[in-house]
Amino acid sequence: MKAVRDYKSLLLAAITLAVFVIALWVLRHSLAKLRLSDVLASLQEERWTNVAACAFFSACSYGMLTFYDYLALRGVRHPLPWHRVALTSFIAFAIGHSAGLSWLSGGSVRYRSYSKDGLNTLEIAGVVGLVSVTFALGVGTLLGLSLLLESHQASRILHLDYGWEARALGAAIFIIILGYLLLTQRVKRPLHIRGNDFRLPPFHISLGQIAVASVDLCLAAASLYVLLPADIPLHFISFVGLYVLAIQSGVISNVPGGVGVFESVLIQLLPGGATAELVSAVLLYRFIYYFIPLVFGVGLFGGREAMR
């Protein structure tokens, strides 16, 4: 069994490395015609009001992220007050966003904190799982809405031949989400899996998951949208769908922070391709949404551990 686990770990690492290398190759090809001096000049010309708006939306997004854990704890029937959850949730997301394998890096932070609040290992695993489900529900909801409401633009971005194909894809996503909601409403008994009992979250918690994740991802998308060049012909609803697709690609890749993968998907799908203004916007977004929270998260985690 140990040999199997080691083999799976090596395979996962190899796949992650391969995805990272491919993403870098695509990104390098996309940026081949750009000059570093033009990107730096574009960074210097960015309006401070746009930077302030990016920081504001990023802060609001991280505030909404704390409700992922708040709802997950209620989903596993071990509720805690929001003020006791918020710090742990922020640290877990701030580190998990940049470290990659957020279920492991953020999960370790959660285990360290919630075990002291009386949760057992199975309950903490349930919290980590429900946090991931909440994110997936938000991605599905916003992507589905984008495909349904902006089907013509979505079909052009995704290189589909007809608008109805985008609408059909959006409808299929909502059928899956509705299936999840139906399960949480109808299935009341624990699910017995590998000798353990698992309970689906209550219906009202599931609705909360969709609402919280949707608002969070809209705020995160807005933090980048306000930095984008004004000449990109893309409505916010369409951009949200593109953004969550790029974010999900980065998460699936397991590359830390989705670096390279997120940028590759975004640049390939955005109209007009790579420009100095677009690259500088993404770099500034990376700094504000990822790097600054990471610094605060690591500092808070270290300070809290030192006080224990």
# chains A, B, ... in the order shown; residues from 1 in each chain; ligands from 1
>>> residues_around(residues="range 290-296 of chain A", least_positions_apart="4", cutoff="12 Å", atoms="only C-alpha atoms", output="VMD selection string")
chain A and resid 54 to 55 58 to 59 61 to 63 87 90 to 100 106 220 223 to 224 256 to 259 282 to 286 300 to 304
>>> select_by_dssp(residues="range 34-80 of chain A", states="alpha helix (DSSP H)", output="number ranges by chain")
A: 36-45, 48-75
>>> write_last_selection(atoms="N, CA, C and O atoms", output="short mmCIF file (atom, residue, chain, number, x, y, z; two decimals), in the first residue's frame")
data_model
loop_
_atom_site.label_atom_id
_atom_site.label_comp_id
_atom_site.auth_asym_id
_atom_site.auth_seq_id
_atom_site.Cartn_x
_atom_site.Cartn_y
_atom_site.Cartn_z
N LEU A 36 9.55 43.81 -22.21
CA LEU A 36 9.45 44.04 -20.77
C LEU A 36 9.29 45.53 -20.46
O LEU A 36 8.54 45.90 -19.55
N SER A 37 9.97 46.34 -21.22
CA SER A 37 9.90 47.80 -20.98
C SER A 37 8.48 48.32 -21.17
O SER A 37 8.03 49.20 -20.44
N ASP A 38 7.75 47.75 -22.15
CA ASP A 38 6.36 48.19 -22.37
C ASP A 38 5.45 47.76 -21.22
O ASP A 38 4.56 48.51 -20.81
N VAL A 39 5.69 46.56 -20.69
CA VAL A 39 4.90 46.07 -19.56
C VAL A 39 5.15 46.94 -18.33
O VAL A 39 4.22 47.33 -17.63
N LEU A 40 6.42 47.26 -18.07
CA LEU A 40 6.77 48.09 -16.91
C LEU A 40 6.19 49.50 -17.05
O LEU A 40 5.72 50.09 -16.08
N ALA A 41 6.23 50.02 -18.28
CA ALA A 41 5.66 51.34 -18.52
C ALA A 41 4.15 51.33 -18.28
O ALA A 41 3.59 52.28 -17.70
N SER A 42 3.49 50.25 -18.69
CA SER A 42 2.05 50.13 -18.48
C SER A 42 1.73 50.03 -16.99
O SER A 42 0.72 50.60 -16.52
N LEU A 43 2.58 49.34 -16.24
CA LEU A 43 2.39 49.27 -14.78
C LEU A 43 2.46 50.65 -14.15
O LEU A 43 1.66 50.99 -13.27
N GLN A 44 3.41 51.44 -14.57
CA GLN A 44 3.59 52.78 -14.01
C GLN A 44 2.45 53.71 -14.38
O GLN A 44 2.14 54.65 -13.64
N GLU A 45 1.80 53.44 -15.51
CA GLU A 45 0.72 54.31 -15.98
C GLU A 45 -0.64 53.91 -15.41
O GLU A 45 -1.63 54.61 -15.66
N TRP A 48 -4.28 55.13 -10.04
CA TRP A 48 -4.32 54.72 -8.63
C TRP A 48 -5.75 54.36 -8.22
O TRP A 48 -5.95 53.53 -7.32
N THR A 49 -6.75 54.97 -8.88
CA THR A 49 -8.14 54.63 -8.55
C THR A 49 -8.44 53.18 -8.92
O THR A 49 -9.19 52.50 -8.20
N ASN A 50 -7.88 52.71 -10.02
CA ASN A 50 -8.07 51.31 -10.42
C ASN A 50 -7.39 50.37 -9.44
O ASN A 50 -7.92 49.31 -9.09
N VAL A 51 -6.20 50.76 -8.99
CA VAL A 51 -5.46 49.95 -8.02
C VAL A 51 -6.24 49.89 -6.70
O VAL A 51 -6.35 48.83 -6.07
N ALA A 52 -6.77 51.04 -6.28
CA ALA A 52 -7.56 51.08 -5.04
C ALA A 52 -8.82 50.23 -5.17
O ALA A 52 -9.21 49.52 -4.23
N ALA A 53 -9.46 50.27 -6.35
CA ALA A 53 -10.65 49.44 -6.56
C ALA A 53 -10.30 47.96 -6.52
O ALA A 53 -11.04 47.15 -5.95
N CYS A 54 -9.16 47.60 -7.11
CA CYS A 54 -8.71 46.21 -7.07
C CYS A 54 -8.48 45.75 -5.62
O CYS A 54 -8.90 44.66 -5.24
N ALA A 55 -7.84 46.60 -4.82
CA ALA A 55 -7.58 46.27 -3.42
C ALA A 55 -8.89 46.13 -2.65
O ALA A 55 -9.05 45.23 -1.81
N PHE A 56 -9.85 47.01 -2.94
CA PHE A 56 -11.15 46.97 -2.25
C PHE A 56 -11.90 45.67 -2.57
O PHE A 56 -12.39 44.98 -1.67
N PHE A 57 -12.00 45.35 -3.85
CA PHE A 57 -12.71 44.13 -4.24
C PHE A 57 -12.00 42.88 -3.73
O PHE A 57 -12.65 41.89 -3.36
N SER A 58 -10.66 42.92 -3.68
CA SER A 58 -9.91 41.78 -3.16
C SER A 58 -10.20 41.58 -1.68
O SER A 58 -10.41 40.45 -1.22
N ALA A 59 -10.22 42.68 -0.92
CA ALA A 59 -10.51 42.60 0.51
C ALA A 59 -11.92 42.06 0.74
O ALA A 59 -12.15 41.22 1.63
N CYS A 60 -12.88 42.52 -0.06
CA CYS A 60 -14.26 42.03 0.07
C CYS A 60 -14.35 40.54 -0.27
O CYS A 60 -15.09 39.79 0.37
N SER A 61 -13.58 40.12 -1.28
CA SER A 61 -13.57 38.70 -1.66
C SER A 61 -13.05 37.85 -0.51
O SER A 61 -13.65 36.81 -0.18
N TYR A 62 -11.96 38.26 0.11
CA TYR A 62 -11.42 37.48 1.23
C TYR A 62 -12.37 37.50 2.42
O TYR A 62 -12.43 36.55 3.21
N GLY A 63 -13.12 38.59 2.57
CA GLY A 63 -14.14 38.61 3.61
C GLY A 63 -15.22 37.58 3.36
O GLY A 63 -15.66 36.88 4.28
N MET A 64 -15.65 37.45 2.10
CA MET A 64 -16.65 36.44 1.76
C MET A 64 -16.10 35.03 1.91
O MET A 64 -16.84 34.11 2.27
N LEU A 65 -14.81 34.85 1.67
CA LEU A 65 -14.20 33.52 1.78
C LEU A 65 -14.33 32.95 3.19
O LEU A 65 -14.39 31.73 3.37
N THR A 66 -14.38 33.82 4.20
CA THR A 66 -14.48 33.32 5.58
C THR A 66 -15.80 32.59 5.80
O THR A 66 -15.90 31.75 6.70
N PHE A 67 -16.82 32.89 4.97
CA PHE A 67 -18.11 32.22 5.13
C PHE A 67 -18.11 30.82 4.52
O PHE A 67 -19.03 30.04 4.78
N TYR A 68 -17.09 30.49 3.71
CA TYR A 68 -16.96 29.12 3.24
C TYR A 68 -16.84 28.18 4.45
O TYR A 68 -17.52 27.15 4.53
N ASP A 69 -15.92 28.52 5.36
CA ASP A 69 -15.71 27.69 6.55
C ASP A 69 -16.91 27.77 7.49
O ASP A 69 -17.29 26.76 8.10
N TYR A 70 -17.48 28.96 7.62
CA TYR A 70 -18.63 29.15 8.50
C TYR A 70 -19.77 28.21 8.11
O TYR A 70 -20.37 27.53 8.96
N LEU A 71 -20.05 28.13 6.80
CA LEU A 71 -21.10 27.23 6.32
C LEU A 71 -20.68 25.77 6.40
O LEU A 71 -21.49 24.89 6.73
N ALA A 72 -19.41 25.49 6.09
CA ALA A 72 -18.93 24.11 6.13
C ALA A 72 -19.03 23.52 7.53
O ALA A 72 -19.40 22.35 7.70
N LEU A 73 -18.72 24.31 8.54
CA LEU A 73 -18.82 23.84 9.92
C LEU A 73 -20.26 23.53 10.30
O LEU A 73 -20.52 22.58 11.05
N ARG A 74 -21.19 24.29 9.78
CA ARG A 74 -22.59 23.98 9.99
C ARG A 74 -23.01 22.76 9.18
O ARG A 74 -23.89 21.99 9.59
N GLY A 75 -22.38 22.58 8.05
CA GLY A 75 -22.68 21.41 7.24
C GLY A 75 -22.29 20.11 7.90
O GLY A 75 -22.95 19.08 7.70
#
>>> residues_around(residues="Arg199 in chain A", least_positions_apart="3", cutoff="12 Å", atoms="only C-alpha atoms", output="number ranges by chain")
A: 72, 74-77, 122-123, 126-127, 129-130, 183-193, 196, 202-203
>>> residues_around(residues="range 154-161 of chain A", least_positions_apart="2", cutoff="8 Å", atoms="only C-alpha atoms", output="list in words")
Ser146, Leu147, Glu150, Ser151, His152, Gly163, Glu165, Ala166, Ser238, Leu269, Leu270 and Pro271 of chain A
>>> atom_distance(atom1="CA of Thr134 in chain A", atom2="CA of Ile252 in chain A")
15.2 Å
>>> residues_around(residues="Leu149 in chain A", least_positions_apart="6", cutoff="12 Å", atoms="only C-alpha atoms", output="PDB file with all heavy atoms, in the first residue's frame")
ATOM      1  N   THR A 141     -22.153  27.896 -11.027  1.00  0.00           N
ATOM      2  CA  THR A 141     -23.253  28.851 -11.114  1.00  0.00           C
ATOM      3  C   THR A 141     -22.894  30.024 -12.024  1.00  0.00           C
ATOM      4  O   THR A 141     -23.664  30.405 -12.921  1.00  0.00           O
ATOM      5  CB  THR A 141     -23.628  29.371  -9.717  1.00  0.00           C
ATOM      6  OG1 THR A 141     -24.041  28.280  -8.896  1.00  0.00           O
ATOM      7  CG2 THR A 141     -24.755  30.396  -9.801  1.00  0.00           C
ATOM      8  N   LEU A 142     -21.724  30.607 -11.818  1.00  0.00           N
ATOM      9  CA  LEU A 142     -21.333  31.779 -12.608  1.00  0.00           C
ATOM     10  C   LEU A 142     -21.003  31.420 -14.046  1.00  0.00           C
ATOM     11  O   LEU A 142     -21.326  32.170 -14.974  1.00  0.00           O
ATOM     12  CB  LEU A 142     -20.135  32.473 -11.951  1.00  0.00           C
ATOM     13  CG  LEU A 142     -20.420  33.086 -10.575  1.00  0.00           C
ATOM     14  CD1 LEU A 142     -19.177  33.724 -10.001  1.00  0.00           C
ATOM     15  CD2 LEU A 142     -21.536  34.121 -10.671  1.00  0.00           C
ATOM     16  N   LEU A 143     -20.368  30.274 -14.237  1.00  0.00           N
ATOM     17  CA  LEU A 143     -20.082  29.836 -15.602  1.00  0.00           C
ATOM     18  C   LEU A 143     -21.380  29.534 -16.348  1.00  0.00           C
ATOM     19  O   LEU A 143     -21.547  29.907 -17.520  1.00  0.00           O
ATOM     20  CB  LEU A 143     -19.178  28.597 -15.575  1.00  0.00           C
ATOM     21  CG  LEU A 143     -18.701  28.060 -16.929  1.00  0.00           C
ATOM     22  CD1 LEU A 143     -17.946  29.137 -17.698  1.00  0.00           C
ATOM     23  CD2 LEU A 143     -17.821  26.835 -16.739  1.00  0.00           C
ATOM     24  N   SER A 155     -19.845  31.696 -26.955  1.00  0.00           N
ATOM     25  CA  SER A 155     -19.552  30.761 -28.045  1.00  0.00           C
ATOM     26  C   SER A 155     -18.362  31.228 -28.867  1.00  0.00           C
ATOM     27  O   SER A 155     -17.552  30.414 -29.340  1.00  0.00           O
ATOM     28  CB  SER A 155     -20.776  30.594 -28.946  1.00  0.00           C
ATOM     29  OG  SER A 155     -21.156  31.833 -29.522  1.00  0.00           O
ATOM     30  N   GLY A 163     -24.581  29.705 -30.872  1.00  0.00           N
ATOM     31  CA  GLY A 163     -24.901  30.166 -29.539  1.00  0.00           C
ATOM     32  C   GLY A 163     -25.658  29.135 -28.728  1.00  0.00           C
ATOM     33  O   GLY A 163     -25.522  29.072 -27.498  1.00  0.00           O
ATOM     34  N   TRP A 164     -26.475  28.304 -29.400  1.00  0.00           N
ATOM     35  CA  TRP A 164     -27.257  27.313 -28.659  1.00  0.00           C
ATOM     36  C   TRP A 164     -26.359  26.282 -27.980  1.00  0.00           C
ATOM     37  O   TRP A 164     -26.747  25.688 -26.971  1.00  0.00           O
ATOM     38  CB  TRP A 164     -28.268  26.626 -29.567  1.00  0.00           C
ATOM     39  CG  TRP A 164     -27.685  25.717 -30.622  1.00  0.00           C
ATOM     40  CD1 TRP A 164     -27.443  26.037 -31.919  1.00  0.00           C
ATOM     41  CD2 TRP A 164     -27.285  24.351 -30.450  1.00  0.00           C
ATOM     42  NE1 TRP A 164     -26.902  24.969 -32.581  1.00  0.00           N
ATOM     43  CE2 TRP A 164     -26.808  23.909 -31.715  1.00  0.00           C
ATOM     44  CE3 TRP A 164     -27.279  23.457 -29.385  1.00  0.00           C
ATOM     45  CZ2 TRP A 164     -26.328  22.625 -31.913  1.00  0.00           C
ATOM     46  CZ3 TRP A 164     -26.806  22.167 -29.583  1.00  0.00           C
ATOM     47  CH2 TRP A 164     -26.331  21.756 -30.831  1.00  0.00           C
ATOM     48  N   ALA A 166     -23.530  26.951 -26.458  1.00  0.00           N
ATOM     49  CA  ALA A 166     -23.159  27.554 -25.180  1.00  0.00           C
ATOM     50  C   ALA A 166     -24.319  27.478 -24.198  1.00  0.00           C
ATOM     51  O   ALA A 166     -24.122  27.173 -23.006  1.00  0.00           O
ATOM     52  CB  ALA A 166     -22.729  29.006 -25.394  1.00  0.00           C
ATOM     53  N   ARG A 167     -25.534  27.749 -24.692  1.00  0.00           N
ATOM     54  CA  ARG A 167     -26.705  27.669 -23.804  1.00  0.00           C
ATOM     55  C   ARG A 167     -26.937  26.243 -23.323  1.00  0.00           C
ATOM     56  O   ARG A 167     -27.311  26.027 -22.168  1.00  0.00           O
ATOM     57  CB  ARG A 167     -27.943  28.203 -24.532  1.00  0.00           C
ATOM     58  CG  ARG A 167     -27.921  29.706 -24.767  1.00  0.00           C
ATOM     59  CD  ARG A 167     -29.275  30.218 -25.216  1.00  0.00           C
ATOM     60  NE  ARG A 167     -29.615  29.708 -26.542  1.00  0.00           N
ATOM     61  CZ  ARG A 167     -29.277  30.292 -27.689  1.00  0.00           C
ATOM     62  NH1 ARG A 167     -28.560  31.416 -27.674  1.00  0.00           N
ATOM     63  NH2 ARG A 167     -29.647  29.784 -28.852  1.00  0.00           N
ATOM     64  N   ALA A 168     -26.732  25.282 -24.183  1.00  0.00           N
ATOM     65  CA  ALA A 168     -26.903  23.881 -23.787  1.00  0.00           C
ATOM     66  C   ALA A 168     -25.883  23.486 -22.719  1.00  0.00           C
ATOM     67  O   ALA A 168     -26.208  22.768 -21.764  1.00  0.00           O
ATOM     68  CB  ALA A 168     -26.763  22.974 -25.014  1.00  0.00           C
ATOM     69  N   GLY A 170     -24.461  25.571 -20.605  1.00  0.00           N
ATOM     70  CA  GLY A 170     -24.876  26.245 -19.381  1.00  0.00           C
ATOM     71  C   GLY A 170     -26.023  25.529 -18.704  1.00  0.00           C
ATOM     72  O   GLY A 170     -26.053  25.392 -17.474  1.00  0.00           O
ATOM     73  N   ALA A 171     -26.994  25.049 -19.492  1.00  0.00           N
ATOM     74  CA  ALA A 171     -28.129  24.305 -18.931  1.00  0.00           C
ATOM     75  C   ALA A 171     -27.667  23.007 -18.281  1.00  0.00           C
ATOM     76  O   ALA A 171     -28.169  22.619 -17.217  1.00  0.00           O
ATOM     77  CB  ALA A 171     -29.153  24.019 -20.026  1.00  0.00           C
ATOM     78  N   HIS A 235     -18.254  42.342 -21.690  1.00  0.00           N
ATOM     79  CA  HIS A 235     -19.122  42.692 -20.570  1.00  0.00           C
ATOM     80  C   HIS A 235     -18.658  41.942 -19.319  1.00  0.00           C
ATOM     81  O   HIS A 235     -18.042  40.878 -19.406  1.00  0.00           O
ATOM     82  CB  HIS A 235     -20.576  42.333 -20.879  1.00  0.00           C
ATOM     83  CG  HIS A 235     -21.162  43.108 -22.007  1.00  0.00           C
ATOM     84  ND1 HIS A 235     -21.301  44.475 -21.983  1.00  0.00           N
ATOM     85  CD2 HIS A 235     -21.645  42.704 -23.214  1.00  0.00           C
ATOM     86  CE1 HIS A 235     -21.852  44.891 -23.112  1.00  0.00           C
ATOM     87  NE2 HIS A 235     -22.060  43.835 -23.877  1.00  0.00           N
ATOM     88  N   PHE A 236     -19.027  42.493 -18.151  1.00  0.00           N
ATOM     89  CA  PHE A 236     -18.579  41.884 -16.895  1.00  0.00           C
ATOM     90  C   PHE A 236     -19.106  40.458 -16.749  1.00  0.00           C
ATOM     91  O   PHE A 236     -18.377  39.575 -16.282  1.00  0.00           O
ATOM     92  CB  PHE A 236     -19.032  42.736 -15.707  1.00  0.00           C
ATOM     93  CG  PHE A 236     -18.599  42.177 -14.379  1.00  0.00           C
ATOM     94  CD1 PHE A 236     -17.256  42.128 -14.023  1.00  0.00           C
ATOM     95  CD2 PHE A 236     -19.538  41.669 -13.490  1.00  0.00           C
ATOM     96  CE1 PHE A 236     -16.848  41.597 -12.815  1.00  0.00           C
ATOM     97  CE2 PHE A 236     -19.140  41.141 -12.259  1.00  0.00           C
ATOM     98  CZ  PHE A 236     -17.792  41.109 -11.921  1.00  0.00           C
ATOM     99  N   ILE A 237     -20.353  40.216 -17.168  1.00  0.00           N
ATOM    100  CA  ILE A 237     -20.924  38.869 -17.033  1.00  0.00           C
ATOM    101  C   ILE A 237     -20.112  37.869 -17.847  1.00  0.00           C
ATOM    102  O   ILE A 237     -19.815  36.757 -17.387  1.00  0.00           O
ATOM    103  CB  ILE A 237     -22.400  38.858 -17.473  1.00  0.00           C
ATOM    104  CG1 ILE A 237     -23.244  39.704 -16.509  1.00  0.00           C
ATOM    105  CG2 ILE A 237     -22.940  37.428 -17.507  1.00  0.00           C
ATOM    106  CD1 ILE A 237     -24.699  39.819 -16.909  1.00  0.00           C
ATOM    107  N   SER A 238     -19.729  38.260 -19.062  1.00  0.00           N
ATOM    108  CA  SER A 238     -18.911  37.378 -19.894  1.00  0.00           C
ATOM    109  C   SER A 238     -17.538  37.184 -19.279  1.00  0.00           C
ATOM    110  O   SER A 238     -16.989  36.068 -19.296  1.00  0.00           O
ATOM    111  CB  SER A 238     -18.769  37.963 -21.301  1.00  0.00           C
ATOM    112  OG  SER A 238     -20.020  38.062 -21.937  1.00  0.00           O
ATOM    113  N   PHE A 239     -16.976  38.263 -18.726  1.00  0.00           N
ATOM    114  CA  PHE A 239     -15.648  38.157 -18.128  1.00  0.00           C
ATOM    115  C   PHE A 239     -15.665  37.242 -16.915  1.00  0.00           C
ATOM    116  O   PHE A 239     -14.710  36.486 -16.692  1.00  0.00           O
ATOM    117  CB  PHE A 239     -15.115  39.536 -17.730  1.00  0.00           C
ATOM    118  CG  PHE A 239     -13.784  39.464 -17.030  1.00  0.00           C
ATOM    119  CD1 PHE A 239     -12.630  39.203 -17.740  1.00  0.00           C
ATOM    120  CD2 PHE A 239     -13.701  39.629 -15.655  1.00  0.00           C
ATOM    121  CE1 PHE A 239     -11.398  39.102 -17.101  1.00  0.00           C
ATOM    122  CE2 PHE A 239     -12.472  39.542 -15.008  1.00  0.00           C
ATOM    123  CZ  PHE A 239     -11.329  39.276 -15.743  1.00  0.00           C
ATOM    124  N   VAL A 240     -16.740  37.293 -16.118  1.00  0.00           N
ATOM    125  CA  VAL A 240     -16.836  36.430 -14.936  1.00  0.00           C
ATOM    126  C   VAL A 240     -16.765  34.961 -15.355  1.00  0.00           C
ATOM    127  O   VAL A 240     -16.067  34.155 -14.727  1.00  0.00           O
ATOM    128  CB  VAL A 240     -18.133  36.709 -14.147  1.00  0.00           C
ATOM    129  CG1 VAL A 240     -18.373  35.625 -13.114  1.00  0.00           C
ATOM    130  CG2 VAL A 240     -18.040  38.064 -13.464  1.00  0.00           C
ATOM    131  N   GLY A 241     -17.484  34.606 -16.419  1.00  0.00           N
ATOM    132  CA  GLY A 241     -17.434  33.228 -16.898  1.00  0.00           C
ATOM    133  C   GLY A 241     -16.039  32.830 -17.329  1.00  0.00           C
ATOM    134  O   GLY A 241     -15.568  31.721 -17.024  1.00  0.00           O
TER     135      GLY A 241
END
>>> select_by_dssp(residues="range 153-228 of chain A", states="strand (DSSP E or B)", output="list in words")
Leu191, His192, Ile193, Asn196, Asp197 and Phe198 of chain A
>>> write_last_selection(atoms="C-alpha atoms", output="mmCIF file, in the first residue's frame")
data_model
loop_
_atom_site.group_PDB
_atom_site.id
_atom_site.type_symbol
_atom_site.label_atom_id
_atom_site.label_comp_id
_atom_site.auth_asym_id
_atom_site.auth_seq_id
_atom_site.Cartn_x
_atom_site.Cartn_y
_atom_site.Cartn_z
ATOM 1 C CA LEU A 191 -24.173 7.912 3.654
ATOM 2 C CA HIS A 192 -22.122 4.893 4.683
ATOM 3 C CA ILE A 193 -18.795 4.976 2.795
ATOM 4 C CA ASN A 196 -17.689 5.903 7.907
ATOM 5 C CA ASP A 197 -20.948 7.833 7.990
ATOM 6 C CA PHE A 198 -21.177 11.053 5.976
#
>>> closest_residue(among="A:Ser264, A:Gln209, A:Ser89, A:Ser280", to="Tyr243 in chain A", atoms="only C-alpha atoms")
A:Ser264
